[in-house]
2 protein chains.
Amino acid sequence: MLGREYDQVCSIARTLEVLGERWTLLIIRDVFNRRRRFEQIQENLGIARNVLTARLAWLVEQEILEKRRYRERPPRFEYFLTEKGLDLWPVMVSLLHWGDRHLAAGGGPPIVIRHKECGGPVDDRRICERCGAHLGVREATVDDGPGAPPEWLPRAA
Amino acid sequence: MLGREYDQVCSIARTLEVLGERWTLLIIRDVFNRRRRFEQIQENLGIARNVLTARLAWLVEQEILEKRRYRERPPRFEYFLTEKGLDLWPVMVSLLHWGDRHLAAGGGPPIVIRHKECGGPVDDRRICERCGAHLGVREATVDDGPGAPPEWLPRAA
(Lines give C-alpha, C1' and ligand atoms only; values in the text may rest on other atoms or scores of the structure.)
Protein backbone atom coordinates (compact mmCIF):
# COMPACT_ATOMS: atom_id res chain seq x y z
CA MET A 1 0.00 0.00 0.00
CA LEU A 2 2.95 2.30 0.50
CA GLY A 3 4.67 3.82 -2.49
CA ARG A 4 7.05 1.62 -4.43
CA GLU A 5 10.04 3.81 -3.71
CA TYR A 6 9.29 3.45 -0.08
CA ASP A 7 12.06 2.07 2.06
CA GLN A 8 10.62 -1.14 3.46
CA VAL A 9 13.72 -2.20 5.35
CA CYS A 10 12.50 -0.65 8.58
CA SER A 11 10.75 -2.34 11.47
CA ILE A 12 8.73 0.79 12.20
CA ALA A 13 7.45 0.92 8.62
CA ARG A 14 6.65 -2.80 8.67
CA THR A 15 4.80 -2.39 11.93
CA LEU A 16 2.75 0.50 10.60
CA GLU A 17 1.92 -1.55 7.51
CA VAL A 18 0.16 -3.91 9.91
CA LEU A 19 -1.14 -1.41 12.45
CA GLY A 20 -0.95 1.91 10.74
CA GLU A 21 -4.44 3.08 10.95
CA ARG A 22 -6.07 4.58 13.95
CA TRP A 23 -9.01 2.19 14.24
CA THR A 24 -6.72 -0.80 14.31
CA LEU A 25 -4.84 0.43 17.35
CA LEU A 26 -8.06 1.45 19.08
CA ILE A 27 -9.55 -2.00 18.49
CA ILE A 28 -6.42 -3.55 19.99
CA ARG A 29 -6.73 -1.15 22.93
CA ASP A 30 -10.33 -2.27 23.46
CA VAL A 31 -9.35 -5.93 23.53
CA PHE A 32 -6.57 -5.09 26.01
CA ASN A 33 -9.37 -3.54 28.07
CA ARG A 34 -11.37 -6.79 27.81
CA ARG A 35 -13.93 -5.65 25.35
CA ARG A 36 -13.93 -8.97 23.51
CA ARG A 37 -17.19 -8.99 21.58
CA PHE A 38 -18.06 -7.34 18.31
CA GLU A 39 -21.00 -5.46 19.84
CA GLN A 40 -18.94 -4.13 22.73
CA ILE A 41 -16.20 -2.80 20.49
CA GLN A 42 -18.66 -1.44 17.94
CA GLU A 43 -20.62 0.39 20.61
CA ASN A 44 -17.52 1.75 22.32
CA LEU A 45 -15.87 3.06 19.18
CA GLY A 46 -18.93 4.06 17.18
CA ILE A 47 -17.19 2.51 14.17
CA ALA A 48 -19.14 1.38 11.10
CA ARG A 49 -19.96 -2.33 11.33
CA ASN A 50 -18.43 -3.22 7.97
CA VAL A 51 -15.21 -1.41 8.87
CA LEU A 52 -14.99 -3.21 12.21
CA THR A 53 -15.64 -6.57 10.53
CA ALA A 54 -12.81 -5.94 8.07
CA ARG A 55 -10.37 -4.75 10.75
CA LEU A 56 -11.07 -7.71 13.02
CA ALA A 57 -10.58 -10.15 10.16
CA TRP A 58 -7.29 -8.43 9.30
CA LEU A 59 -6.06 -8.65 12.91
CA VAL A 60 -6.95 -12.35 13.03
CA GLU A 61 -5.16 -12.93 9.73
CA GLN A 62 -2.10 -11.14 11.14
CA GLU A 63 -2.27 -13.38 14.21
CA ILE A 64 -2.61 -10.43 16.56
CA LEU A 65 -6.11 -11.49 17.65
CA GLU A 66 -7.68 -14.92 17.80
CA LYS A 67 -11.38 -15.76 17.68
CA ARG A 68 -12.92 -18.12 20.19
CA ARG A 69 -16.51 -19.28 19.93
CA TYR A 70 -18.58 -18.67 23.06
CA ARG A 71 -21.99 -19.69 21.73
CA GLU A 72 -22.95 -22.45 19.34
CA ARG A 73 -26.32 -21.45 17.93
CA PRO A 74 -26.14 -18.89 16.54
CA PRO A 75 -22.33 -18.96 16.49
CA ARG A 76 -20.85 -16.04 18.43
CA PHE A 77 -17.19 -15.22 18.96
CA GLU A 78 -14.93 -13.37 21.34
CA TYR A 79 -11.55 -11.93 20.43
CA PHE A 80 -8.40 -12.50 22.45
CA LEU A 81 -4.89 -11.19 22.02
CA THR A 82 -2.33 -13.76 20.90
CA GLU A 83 1.22 -13.60 22.25
CA LYS A 84 2.10 -11.45 19.24
CA GLY A 85 -0.81 -9.17 20.17
CA LEU A 86 0.13 -9.07 23.86
CA ASP A 87 3.60 -8.00 22.76
CA LEU A 88 1.99 -4.72 21.66
CA TRP A 89 1.59 -3.75 25.30
CA PRO A 90 4.75 -1.57 25.21
CA VAL A 91 3.29 0.32 22.23
CA MET A 92 0.05 0.90 24.14
CA VAL A 93 1.93 2.04 27.26
CA SER A 94 4.11 4.47 25.33
CA LEU A 95 1.10 5.96 23.47
CA LEU A 96 -0.77 6.26 26.76
CA HIS A 97 2.04 8.05 28.56
CA TRP A 98 2.64 10.49 25.72
CA GLY A 99 -1.05 11.34 25.66
CA ASP A 100 -1.14 11.70 29.45
CA ARG A 101 1.79 14.07 29.29
CA HIS A 102 0.85 16.21 26.32
CA LEU A 103 -2.86 15.84 25.63
CA ALA A 104 -4.68 15.07 28.87
CA ALA A 105 -7.40 17.51 29.79
CA GLY A 106 -7.57 19.07 33.25
CA GLY A 107 -7.55 16.64 36.11
CA GLY A 108 -4.72 14.39 34.96
CA PRO A 109 -4.63 10.93 33.43
CA PRO A 110 -8.01 9.21 32.97
CA ILE A 111 -6.46 5.83 33.76
CA VAL A 112 -3.32 4.67 35.49
CA ILE A 113 -1.53 1.38 35.01
CA ARG A 114 -0.67 -0.38 38.26
CA HIS A 115 1.49 -3.30 39.29
CA LYS A 116 -0.98 -6.02 40.34
CA GLU A 117 1.18 -7.31 43.15
CA CYS A 118 2.08 -4.13 45.04
CA GLY A 119 -0.35 -1.60 43.57
CA GLY A 120 2.39 0.83 42.51
CA PRO A 121 1.98 2.99 39.41
CA VAL A 122 3.79 1.81 36.29
CA ASP A 123 6.07 4.21 34.46
CA ASP A 124 6.63 4.53 30.72
CA ARG A 125 9.40 1.90 30.82
CA ARG A 126 6.87 -0.55 32.34
CA ILE A 127 8.72 -0.44 35.64
CA CYS A 128 6.80 -0.30 38.91
CA GLU A 129 7.51 3.04 40.57
CA ARG A 130 6.92 1.54 43.99
CA CYS A 131 8.89 -1.73 44.01
CA GLY A 132 11.08 -1.38 40.91
CA ALA A 133 9.90 -4.59 39.21
CA HIS A 134 10.19 -4.77 35.42
CA LEU A 135 6.68 -5.73 34.42
CA GLY A 136 5.14 -7.84 31.71
CA VAL A 137 1.60 -7.32 30.53
CA ARG A 138 0.18 -10.03 32.80
CA GLU A 139 1.58 -8.35 35.90
CA ALA A 140 -0.19 -5.05 35.34
CA THR A 141 -3.74 -3.84 35.71
CA VAL A 142 -5.63 -0.67 34.95
CA ASP A 143 -7.23 1.64 37.49
CA ASP A 144 -9.16 4.90 37.25
CA GLY A 145 -6.89 7.91 37.38
CA PRO A 146 -7.50 11.43 38.69
CA GLY A 147 -8.87 12.48 35.28
CA ALA A 148 -11.50 9.74 35.11
CA PRO A 149 -14.87 11.36 34.36
CA PRO A 150 -17.59 11.12 37.03
CA GLU A 151 -19.89 9.17 34.71
CA TRP A 152 -17.51 6.19 34.70
CA LEU A 153 -18.79 3.47 36.96
CA PRO A 154 -16.43 2.26 39.68
CA ARG A 155 -14.19 -0.55 38.49
CA ALA A 156 -14.48 -3.96 40.07
CA ALA A 157 -11.71 -4.34 42.65
CA MET B 1 -12.99 13.03 13.11
CA LEU B 2 -13.93 10.12 15.30
CA GLY B 3 -17.56 9.23 15.81
CA ARG B 4 -19.49 11.32 18.29
CA GLU B 5 -20.23 8.35 20.51
CA TYR B 6 -16.55 7.71 20.72
CA ASP B 7 -15.09 7.72 24.21
CA GLN B 8 -12.62 10.58 24.12
CA VAL B 9 -11.48 10.25 27.70
CA CYS B 10 -8.49 8.11 26.80
CA SER B 11 -4.91 9.21 26.29
CA ILE B 12 -4.36 6.55 23.62
CA ALA B 13 -7.35 7.81 21.64
CA ARG B 14 -6.22 11.41 22.03
CA THR B 15 -2.74 10.48 20.88
CA LEU B 16 -4.06 8.69 17.82
CA GLU B 17 -6.20 11.71 17.01
CA VAL B 18 -2.92 13.57 16.60
CA LEU B 19 -0.77 10.78 15.19
CA GLY B 20 -3.20 8.17 14.00
CA GLU B 21 -2.24 7.85 10.45
CA ARG B 22 0.70 5.95 9.12
CA TRP B 23 2.37 8.74 7.20
CA THR B 24 2.44 10.96 10.23
CA LEU B 25 4.44 8.46 12.26
CA LEU B 26 6.76 7.76 9.32
CA ILE B 27 7.44 11.47 8.86
CA ILE B 28 8.28 11.72 12.56
CA ARG B 29 10.55 8.69 12.18
CA ASP B 30 12.34 10.39 9.29
CA VAL B 31 12.96 13.53 11.33
CA PHE B 32 14.29 11.37 14.18
CA ASN B 33 16.65 9.95 11.55
CA ARG B 34 17.74 13.49 10.63
CA ARG B 35 15.93 13.78 7.37
CA ARG B 36 14.97 17.39 7.97
CA ARG B 37 14.14 18.76 4.54
CA PHE B 38 10.96 18.42 2.54
CA GLU B 39 12.80 16.90 -0.43
CA GLN B 40 14.60 14.31 1.70
CA ILE B 41 11.41 13.14 3.36
CA GLN B 42 9.45 13.20 0.12
CA GLU B 43 12.06 11.15 -1.69
CA ASN B 44 12.45 8.68 1.15
CA LEU B 45 8.74 8.02 1.63
CA GLY B 46 7.53 8.40 -1.95
CA ILE B 47 4.59 10.35 -0.51
CA ALA B 48 2.58 12.78 -2.65
CA ARG B 49 3.88 16.33 -2.24
CA ASN B 50 0.53 17.81 -1.27
CA VAL B 51 0.01 15.12 1.36
CA LEU B 52 3.46 15.73 2.81
CA THR B 53 2.88 19.50 2.87
CA ALA B 54 -0.37 19.00 4.77
CA ARG B 55 1.12 16.53 7.25
CA LEU B 56 4.13 18.74 7.99
CA ALA B 57 1.87 21.74 8.57
CA TRP B 58 -0.27 19.64 10.92
CA LEU B 59 2.77 18.49 12.90
CA VAL B 60 4.00 22.08 13.21
CA GLU B 61 0.53 23.18 14.34
CA GLN B 62 0.55 20.40 16.95
CA GLU B 63 3.97 21.60 18.13
CA ILE B 64 5.57 18.24 17.42
CA LEU B 65 7.84 19.71 14.75
CA GLU B 66 9.22 23.20 14.36
CA LYS B 67 10.38 24.86 11.16
CA ARG B 68 13.70 26.64 10.98
CA ARG B 69 14.78 28.62 7.93
CA TYR B 70 18.12 27.57 6.49
CA ARG B 71 18.10 29.72 3.35
CA GLU B 72 16.79 33.23 2.78
CA ARG B 73 16.24 33.55 -0.97
CA PRO B 74 14.29 31.51 -1.88
CA PRO B 75 13.17 30.70 1.67
CA ARG B 76 13.86 27.07 2.61
CA PHE B 77 13.12 25.30 5.86
CA GLU B 78 14.27 22.37 7.91
CA TYR B 79 12.11 20.52 10.42
CA PHE B 80 13.20 19.72 13.95
CA LEU B 81 11.49 17.82 16.73
CA THR B 82 10.28 19.95 19.63
CA GLU B 83 10.47 18.58 23.17
CA LYS B 84 6.92 17.30 22.67
CA GLY B 85 8.11 15.57 19.50
CA LEU B 86 11.23 14.14 21.14
CA ASP B 87 8.95 12.69 23.80
CA LEU B 88 7.65 10.36 21.07
CA TRP B 89 10.92 8.45 21.20
CA PRO B 90 9.43 5.73 23.46
CA VAL B 91 6.64 5.23 20.89
CA MET B 92 9.24 4.85 18.12
CA VAL B 93 11.32 2.43 20.19
CA SER B 94 8.32 0.26 21.06
CA LEU B 95 7.13 0.13 17.43
CA LEU B 96 10.66 -0.72 16.30
CA HIS B 97 11.10 -3.56 18.77
CA TRP B 98 7.72 -5.09 17.96
CA GLY B 99 8.56 -5.01 14.27
CA ASP B 100 12.00 -6.47 14.90
CA ARG B 101 10.46 -9.29 16.87
CA HIS B 102 7.49 -10.14 14.71
CA LEU B 103 8.00 -8.75 11.23
CA ALA B 104 11.72 -8.60 10.47
CA ALA B 105 12.79 -10.50 7.41
CA GLY B 106 15.68 -12.94 7.53
CA GLY B 107 18.91 -11.56 8.89
CA GLY B 108 17.54 -9.80 11.95
CA PRO B 109 16.88 -6.16 12.75
CA PRO B 110 17.84 -3.63 10.05
CA ILE B 111 18.91 -1.11 12.67
CA VAL B 112 19.88 -1.28 16.31
CA ILE B 113 19.66 1.50 18.86
CA ARG B 114 22.83 1.94 20.89
CA HIS B 115 23.83 3.82 24.00
CA LYS B 116 26.16 6.59 22.78
CA GLU B 117 28.44 6.44 25.78
CA CYS B 118 29.17 2.71 26.04
CA GLY B 119 27.93 1.38 22.71
CA GLY B 120 25.60 -1.18 24.27
CA PRO B 121 22.34 -2.14 22.58
CA VAL B 122 19.18 -0.52 23.95
CA ASP B 123 16.26 -2.72 24.94
CA ASP B 124 12.56 -2.02 24.56
CA ARG B 125 12.47 -0.27 27.94
CA ARG B 126 15.17 2.12 26.66
CA ILE B 127 17.66 0.61 29.06
CA CYS B 128 21.22 -0.07 27.94
CA GLU B 129 21.80 -3.81 27.94
CA ARG B 130 25.49 -3.31 28.58
CA CYS B 131 25.68 -0.76 31.40
CA GLY B 132 22.09 -0.67 32.64
CA ALA B 133 21.60 3.08 32.17
CA HIS B 134 18.03 4.32 31.69
CA LEU B 135 18.35 6.33 28.51
CA GLY B 136 16.76 9.45 27.15
CA VAL B 137 16.58 10.16 23.44
CA ARG B 138 19.73 12.32 23.45
CA GLU B 139 21.83 9.50 24.90
CA ALA B 140 21.07 7.05 22.12
CA THR B 141 22.17 6.63 18.54
CA VAL B 142 21.28 4.36 15.66
CA ASP B 143 23.56 1.82 14.02
CA ASP B 144 23.15 -0.68 11.20
CA GLY B 145 21.91 -4.04 12.42
CA PRO B 146 22.49 -7.55 11.05
CA GLY B 147 19.48 -7.18 8.72
CA ALA B 148 20.72 -3.97 7.09
CA PRO B 149 20.63 -4.41 3.31
CA PRO B 150 23.95 -4.34 1.44
CA GLU B 151 22.91 -1.28 -0.59
CA TRP B 152 22.87 0.89 2.52
CA LEU B 153 25.92 3.08 2.68
CA PRO B 154 28.05 2.82 5.81
CA ARG B 155 26.92 5.25 8.49
CA ALA B 156 29.20 7.99 9.67
CA ALA B 157 30.79 6.87 12.92
# chains A, B, ... in the order shown; residues from 1 in each chain; ligands from 1

call {"tool": "interface_residues", "arguments": {"of": "chain B", "to": "chain A", "cutoff": "7 Å", "atoms": "only C-alpha atoms", "output": "PyMOL selection string"}}
result
chain B and resi 3+5-7+9-16+20-22+26+44-47+87-88+90-91+94-96+98-100+103-104+110+125

call {"tool": "residues_around", "arguments": {"residues": "stretch 60-74 of chain B", "least_positions_apart": "2", "cutoff": "8 Å", "atoms": "only C-alpha atoms", "output": "VMD selection string"}}
result
chain B and resid 18 56 to 58 76 to 86

call {"tool": "select_by_dssp", "arguments": {"residues": "chain B", "states": "strand (DSSP E)", "output": "list in words"}}
result
Leu65, Glu66, Lys67, Arg68, Arg69, Tyr70, Arg71, Arg76, Phe77, Glu78, Tyr79, Phe80, Leu81, Ile111, Val112, Ile113, Arg114, His115, Ala140, Thr141, Val142, Asp143 and Asp144 of chain B

call {"tool": "atom_distance", "arguments": {"atom1": "atom CA of B:Cys128", "atom2": "atom CA of B:Arg114"}}
result
7.5 Å

call {"tool": "atom_distance", "arguments": {"atom1": "atom CA of A:Gly119", "atom2": "atom CA of A:Glu151"}}
result
24.0 Å

call {"tool": "atom_distance", "arguments": {"atom1": "atom CA of B:Val122", "atom2": "atom CA of A:Ile28"}}
result
26.1 Å

call {"tool": "select_by_dssp", "arguments": {"residues": "chain A", "states": "helix (DSSP H, G or I)", "output": "PyMOL selection string"}}
result
chain A and resi 11-19+22-32+38-45+49-61+83-86+89-102+137-139

call {"tool": "closest_residue", "arguments": {"among": "A:Val51, A:Ile27, A:Ile113, A:Leu59", "to": "A:Asp144", "atoms": "only C-alpha atoms"}}
result
A:Ile113

call {"tool": "decode", "arguments": {"residues": "stretch 70-86 of chain A", "atoms": "all heavy atoms", "output": "mmCIF file, in the first residue's frame"}}
result
data_model
loop_
_atom_site.group_PDB
_atom_site.id
_atom_site.type_symbol
_atom_site.label_atom_id
_atom_site.label_comp_id
_atom_site.auth_asym_id
_atom_site.auth_seq_id
_atom_site.Cartn_x
_atom_site.Cartn_y
_atom_site.Cartn_z
ATOM 1 N N TYR A 70 -18.011 -18.550 21.712
ATOM 2 C CA TYR A 70 -18.577 -18.667 23.060
ATOM 3 C C TYR A 70 -20.030 -19.089 23.034
ATOM 4 O O TYR A 70 -20.633 -19.306 24.074
ATOM 5 C CB TYR A 70 -18.390 -17.365 23.865
ATOM 6 C CG TYR A 70 -19.212 -16.178 23.399
ATOM 7 C CD1 TYR A 70 -20.491 -15.955 23.908
ATOM 8 C CD2 TYR A 70 -18.701 -15.277 22.472
ATOM 9 C CE1 TYR A 70 -21.243 -14.861 23.490
ATOM 10 C CE2 TYR A 70 -19.448 -14.190 22.046
ATOM 11 C CZ TYR A 70 -20.713 -13.984 22.553
ATOM 12 O OH TYR A 70 -21.453 -12.909 22.144
ATOM 13 N N ARG A 71 -20.622 -19.186 21.832
ATOM 14 C CA ARG A 71 -21.992 -19.691 21.733
ATOM 15 C C ARG A 71 -22.107 -20.479 20.438
ATOM 16 O O ARG A 71 -21.541 -20.075 19.420
ATOM 17 C CB ARG A 71 -22.993 -18.540 21.741
ATOM 18 C CG ARG A 71 -24.433 -19.026 21.888
ATOM 19 C CD ARG A 71 -25.408 -17.962 21.449
ATOM 20 N NE ARG A 71 -25.471 -16.842 22.373
ATOM 21 C CZ ARG A 71 -25.997 -15.661 22.049
ATOM 22 N NH1 ARG A 71 -26.463 -15.434 20.839
ATOM 23 N NH2 ARG A 71 -26.041 -14.701 22.933
ATOM 24 N N GLU A 72 -22.855 -21.579 20.503
ATOM 25 C CA GLU A 72 -22.946 -22.448 19.339
ATOM 26 C C GLU A 72 -24.012 -21.997 18.342
ATOM 27 O O GLU A 72 -23.743 -21.902 17.144
ATOM 28 C CB GLU A 72 -23.245 -23.888 19.776
ATOM 29 C CG GLU A 72 -22.076 -24.589 20.474
ATOM 30 C CD GLU A 72 -20.892 -24.837 19.528
ATOM 31 O OE1 GLU A 72 -21.107 -25.060 18.312
ATOM 32 O OE2 GLU A 72 -19.731 -24.804 20.011
ATOM 33 N N ARG A 73 -25.222 -21.779 18.835
ATOM 34 C CA ARG A 73 -26.322 -21.449 17.927
ATOM 35 C C ARG A 73 -27.036 -20.216 18.411
ATOM 36 O O ARG A 73 -27.684 -20.292 19.476
ATOM 37 C CB ARG A 73 -27.313 -22.624 17.827
ATOM 38 C CG ARG A 73 -26.836 -23.685 16.850
ATOM 39 C CD ARG A 73 -27.895 -24.756 16.682
ATOM 40 N NE ARG A 73 -28.246 -25.375 17.947
ATOM 41 C CZ ARG A 73 -27.854 -26.620 18.310
ATOM 42 N NH1 ARG A 73 -27.155 -27.360 17.519
ATOM 43 N NH2 ARG A 73 -28.219 -27.096 19.483
ATOM 44 N N PRO A 74 -27.004 -19.112 17.700
ATOM 45 C CA PRO A 74 -26.142 -18.894 16.536
ATOM 46 C C PRO A 74 -24.692 -18.751 16.984
ATOM 47 O O PRO A 74 -24.446 -18.365 18.123
ATOM 48 C CB PRO A 74 -26.662 -17.560 15.956
ATOM 49 C CG PRO A 74 -27.218 -16.839 17.149
ATOM 50 C CD PRO A 74 -27.763 -17.899 18.064
ATOM 51 N N PRO A 75 -23.746 -19.037 16.091
ATOM 52 C CA PRO A 75 -22.332 -18.957 16.495
ATOM 53 C C PRO A 75 -21.950 -17.524 16.851
ATOM 54 O O PRO A 75 -22.253 -16.590 16.111
ATOM 55 C CB PRO A 75 -21.568 -19.453 15.260
ATOM 56 C CG PRO A 75 -22.513 -19.304 14.130
ATOM 57 C CD PRO A 75 -23.903 -19.430 14.686
ATOM 58 N N ARG A 76 -21.318 -17.356 17.995
ATOM 59 C CA ARG A 76 -20.847 -16.040 18.435
ATOM 60 C C ARG A 76 -19.415 -16.173 18.928
ATOM 61 O O ARG A 76 -19.059 -17.182 19.519
ATOM 62 C CB ARG A 76 -21.731 -15.502 19.570
ATOM 63 C CG ARG A 76 -23.112 -15.077 19.133
ATOM 64 C CD ARG A 76 -23.065 -13.774 18.361
ATOM 65 N NE ARG A 76 -24.383 -13.343 17.910
ATOM 66 C CZ ARG A 76 -24.944 -13.720 16.757
ATOM 67 N NH1 ARG A 76 -24.309 -14.550 15.950
ATOM 68 N NH2 ARG A 76 -26.146 -13.280 16.426
ATOM 69 N N PHE A 77 -18.623 -15.123 18.694
ATOM 70 C CA PHE A 77 -17.186 -15.220 18.961
ATOM 71 C C PHE A 77 -16.726 -14.111 19.894
ATOM 72 O O PHE A 77 -17.298 -13.019 19.934
ATOM 73 C CB PHE A 77 -16.408 -15.118 17.645
ATOM 74 C CG PHE A 77 -16.711 -16.240 16.697
ATOM 75 C CD1 PHE A 77 -17.731 -16.126 15.755
ATOM 76 C CD2 PHE A 77 -15.996 -17.430 16.773
ATOM 77 C CE1 PHE A 77 -18.032 -17.174 14.905
ATOM 78 C CE2 PHE A 77 -16.299 -18.479 15.919
ATOM 79 C CZ PHE A 77 -17.314 -18.349 14.978
ATOM 80 N N GLU A 78 -15.655 -14.401 20.601
ATOM 81 C CA GLU A 78 -14.927 -13.374 21.337
ATOM 82 C C GLU A 78 -13.517 -13.296 20.774
ATOM 83 O O GLU A 78 -13.007 -14.268 20.218
ATOM 84 C CB GLU A 78 -14.874 -13.715 22.834
ATOM 85 C CG GLU A 78 -16.224 -13.604 23.498
ATOM 86 C CD GLU A 78 -16.165 -13.868 24.992
ATOM 87 O OE1 GLU A 78 -15.430 -14.783 25.411
ATOM 88 O OE2 GLU A 78 -16.851 -13.174 25.736
ATOM 89 N N TYR A 79 -12.911 -12.153 20.947
ATOM 90 C CA TYR A 79 -11.555 -11.927 20.427
ATOM 91 C C TYR A 79 -10.583 -11.818 21.581
ATOM 92 O O TYR A 79 -10.838 -11.111 22.560
ATOM 93 C CB TYR A 79 -11.522 -10.647 19.581
ATOM 94 C CG TYR A 79 -12.343 -10.797 18.328
ATOM 95 C CD1 TYR A 79 -13.704 -10.518 18.328
ATOM 96 C CD2 TYR A 79 -11.762 -11.271 17.154
ATOM 97 C CE1 TYR A 79 -14.472 -10.699 17.192
ATOM 98 C CE2 TYR A 79 -12.517 -11.455 16.013
ATOM 99 C CZ TYR A 79 -13.875 -11.172 16.041
ATOM 100 O OH TYR A 79 -14.628 -11.365 14.916
ATOM 101 N N PHE A 80 -9.457 -12.521 21.445
ATOM 102 C CA PHE A 80 -8.398 -12.501 22.451
ATOM 103 C C PHE A 80 -7.086 -12.112 21.772
ATOM 104 O O PHE A 80 -6.868 -12.415 20.600
ATOM 105 C CB PHE A 80 -8.241 -13.895 23.092
ATOM 106 C CG PHE A 80 -9.385 -14.247 23.998
ATOM 107 C CD1 PHE A 80 -10.591 -14.693 23.478
ATOM 108 C CD2 PHE A 80 -9.265 -14.106 25.380
ATOM 109 C CE1 PHE A 80 -11.662 -14.995 24.314
ATOM 110 C CE2 PHE A 80 -10.336 -14.408 26.210
ATOM 111 C CZ PHE A 80 -11.530 -14.854 25.688
ATOM 112 N N LEU A 81 -6.219 -11.491 22.533
ATOM 113 C CA LEU A 81 -4.885 -11.193 22.021
ATOM 114 C C LEU A 81 -4.038 -12.458 22.025
ATOM 115 O O LEU A 81 -4.016 -13.200 23.007
ATOM 116 C CB LEU A 81 -4.211 -10.126 22.898
ATOM 117 C CG LEU A 81 -4.843 -8.729 22.769
ATOM 118 C CD1 LEU A 81 -4.616 -7.933 24.041
ATOM 119 C CD2 LEU A 81 -4.262 -7.989 21.571
ATOM 120 N N THR A 82 -3.339 -12.694 20.941
ATOM 121 C CA THR A 82 -2.330 -13.757 20.900
ATOM 122 C C THR A 82 -1.065 -13.249 21.612
ATOM 123 O O THR A 82 -1.011 -12.101 22.063
ATOM 124 C CB THR A 82 -1.948 -14.051 19.438
ATOM 125 O OG1 THR A 82 -1.379 -12.850 18.900
ATOM 126 C CG2 THR A 82 -3.160 -14.457 18.608
ATOM 127 N N GLU A 83 -0.047 -14.079 21.674
ATOM 128 C CA GLU A 83 1.221 -13.601 22.250
ATOM 129 C C GLU A 83 1.778 -12.435 21.427
ATOM 130 O O GLU A 83 2.299 -11.466 21.966
ATOM 131 C CB GLU A 83 2.250 -14.742 22.323
ATOM 132 C CG GLU A 83 1.953 -15.771 23.402
ATOM 133 C CD GLU A 83 1.899 -15.192 24.818
ATOM 134 O OE1 GLU A 83 2.766 -14.365 25.156
ATOM 135 O OE2 GLU A 83 0.966 -15.541 25.568
ATOM 136 N N LYS A 84 1.659 -12.553 20.107
ATOM 137 C CA LYS A 84 2.097 -11.445 19.239
ATOM 138 C C LYS A 84 1.300 -10.169 19.552
ATOM 139 O O LYS A 84 1.853 -9.065 19.553
ATOM 140 C CB LYS A 84 1.899 -11.865 17.771
ATOM 141 C CG LYS A 84 2.353 -10.871 16.728
ATOM 142 C CD LYS A 84 2.174 -11.481 15.327
ATOM 143 C CE LYS A 84 2.463 -10.487 14.214
ATOM 144 N NZ LYS A 84 2.261 -11.105 12.866
ATOM 145 N N GLY A 85 0.021 -10.321 19.816
ATOM 146 C CA GLY A 85 -0.808 -9.172 20.167
ATOM 147 C C GLY A 85 -0.446 -8.620 21.542
ATOM 148 O O GLY A 85 -0.326 -7.402 21.730
ATOM 149 N N LEU A 86 -0.261 -9.516 22.506
ATOM 150 C CA LEU A 86 0.128 -9.069 23.857
ATOM 151 C C LEU A 86 1.462 -8.328 23.831
ATOM 152 O O LEU A 86 1.696 -7.434 24.637
ATOM 153 C CB LEU A 86 0.207 -10.268 24.805
ATOM 154 C CG LEU A 86 -1.149 -10.856 25.233
ATOM 155 C CD1 LEU A 86 -0.955 -12.198 25.922
ATOM 156 C CD2 LEU A 86 -1.911 -9.893 26.142
#
